[in-house]
Structure formats: structure tokens, C-alpha cells
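Read through the structure below, which is laid out as C-alpha cells, and then see the notes.
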Amino acid sequence: MHLKNIQYCLMALHLSYKSLNEITSILLHDKEFDKSIVDSETFRFYNYSLHYMFAMEVCKLMQAKNISGSANYASIKRLIGEISAFHKPNFIKIGDRLERRISELELNGIYEKIKDMRDTNLAHSDENQNGGPLSFRSFNIMEIEECRELLDDLQEIFKECTTQFDHTFIIPTNTKTQNLLKYADECRAFATKNRQDFLE
């Protein structure tokens with residue numbers, strides 16, 4: 001088995017969680033002031049980029065081959081097949097069960113939404129220009145929770161694969177973006193107010 005299978009899956013999981021956490025921070029940001037940094041062109045682009053990364057990485061994890069038909073090293077299905085075929089014959093039954101779990105997740109409504117977002121709004125954004133390339137429907141709170149449940153399921157499957165090698169991987173999920181957004185809005189409001197006070 002190529003170690004890059006594990007490394008690519010781990011990276012895809014890490015990027016998926018990180019981007020979803022950032023999307024959540026932006027969505028839940030409390031706009032205390034009239035003008036917020038999240039409404040800026042920079043953060044609109046950042047939010048779009050986060051959705052792009054999230055959708056691409058989740059699809060990598062779920063699909064054994066990419067669109068061109070070549071092998072996808074970040075696929076958990078591929079990882080299961082590698083372990084079963086080349087290193088752990090006793091893993092075959094476990095692998096079959098894990099592959100069935102992934103097949104069930106593929107039928108999950110939220111995965112269909114993620115895949116549709118990738119195929120229509122992101123990968124082919126040039127064909128979907130209503131409101132401009134950065135205009136797209138983001139996830140709502142309920143969908144974000146469903147996305148997190150999907151990632152948690154994929155992480156459990158990945159961990160069950162890697163425990164065959166007596167090794168545990170930790171995927172960090174913390175984010176400090178919410179504090180950054182609050183601080184930036186407070187600084188902007190303070191600067192605006194004090195500039196007006198100075199001019200008066």
C-alpha cells in the first residue's frame with residue numbers, strides 16, 4: 001500500500017473540516033455593526049473559495065476515481081481497497097462493511113447537494129453567471145450540521161482503516177476566525193466613529 005493514500009485522505013479530511021468551520025464562522029458571525037467585514041468583496045471571495053475547497057475535498061473522499069477516470073488517492077474507497085488487497089487479508093470483511101457505509105453516505109441528501117454545488121455552481125461557474133461568479137447559495141445552519149455529520153462518518157471510516165496499522169491520526173477542527181471577524185468589525189466601527197469625532 002502506498003502511504004500517500006493515507007496522507008491524501010488525511011489532508012482531504014483536514015481541509016474539509018477546516019473549510020466547513022470557516023464557513024460556519026462566517027455564517028454565524030453576529031453583525032453587531034451596520035458595516036461588517038463579512039460583507040466586503042474580500043470575504044465574499046474567501047467564502048466562495050471555502051465552499052469550493054469543501055465541495056472538492058468531500059467529493060475526493062467519496063469518489064474512487066476523478067472525472068477523467070484516473071485513480072483518486074484521496075478516496076477512502078481506494079484506501080479500503082489498497083488495505084484489503086495488498087496488506088491485510090483479514091481486513092476484507094471489514095472493508096466490505098466500510099464500503100457499504102460509504103455507499104449509504106452517497107445516497108445521503110447532503111452529499112447530493114455538495115456534489116451538485118461542485119458540478120453546477122463551482123466547477124462550471126462560467127455557465128452559472130446569475131448575479132456574478134461569486135453569487136451562489138451557501139449552506140444554511142441545518143445543512144452545515146448535516147455536512148458535519150457526513151464528515152464525522154467519513155472520519156470514523158478513515159480511523160477504522162488506519163487502526164489496522166496501530167496508528168491514530170488526529171484531525172484538528174478548531175478555528176479562530178469568529179474572533180477575527182468580531183475584532184475587525186469593532187476596529188472598523190471605532191475608527192469610523194473617531195474619525196467623525198475628529199472632523200467635528
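By convention in this document, the chains of the C-alpha cells carry letters A, B, ... by their order, each chain's residues are numbered from 1, and ligands are numbered from 1 in the order they are shown.
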
message: Would you pick out the contacts of range 99-114 of chain A at 6 Å or less, using only C-alpha atoms, so that residues sharing its chain but fewer than 3 positions from it are not included, and give the list as a ChimeraX atom specification?
response: /A:55,96,117

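When only C-alpha atoms are used to compute distances to Cys187 in chain A, the closest of the residues A:Lys35, A:Arg148, A:His51, A:Lys159 turns out to be A:Lys35.
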
task: Report the residues of range 25-200 of chain A whose backbone DSSP state falls under helix (DSSP H, G or I), written as a PyMOL selection string.
output: chain A and resi 25-28+37-39+41-62+76-87+89-106+109-122+125-127+141-165+177-199

Distance in Å - CA of Glu186 in chain A versus CA of Thr42 in chain A: 17.7 Å
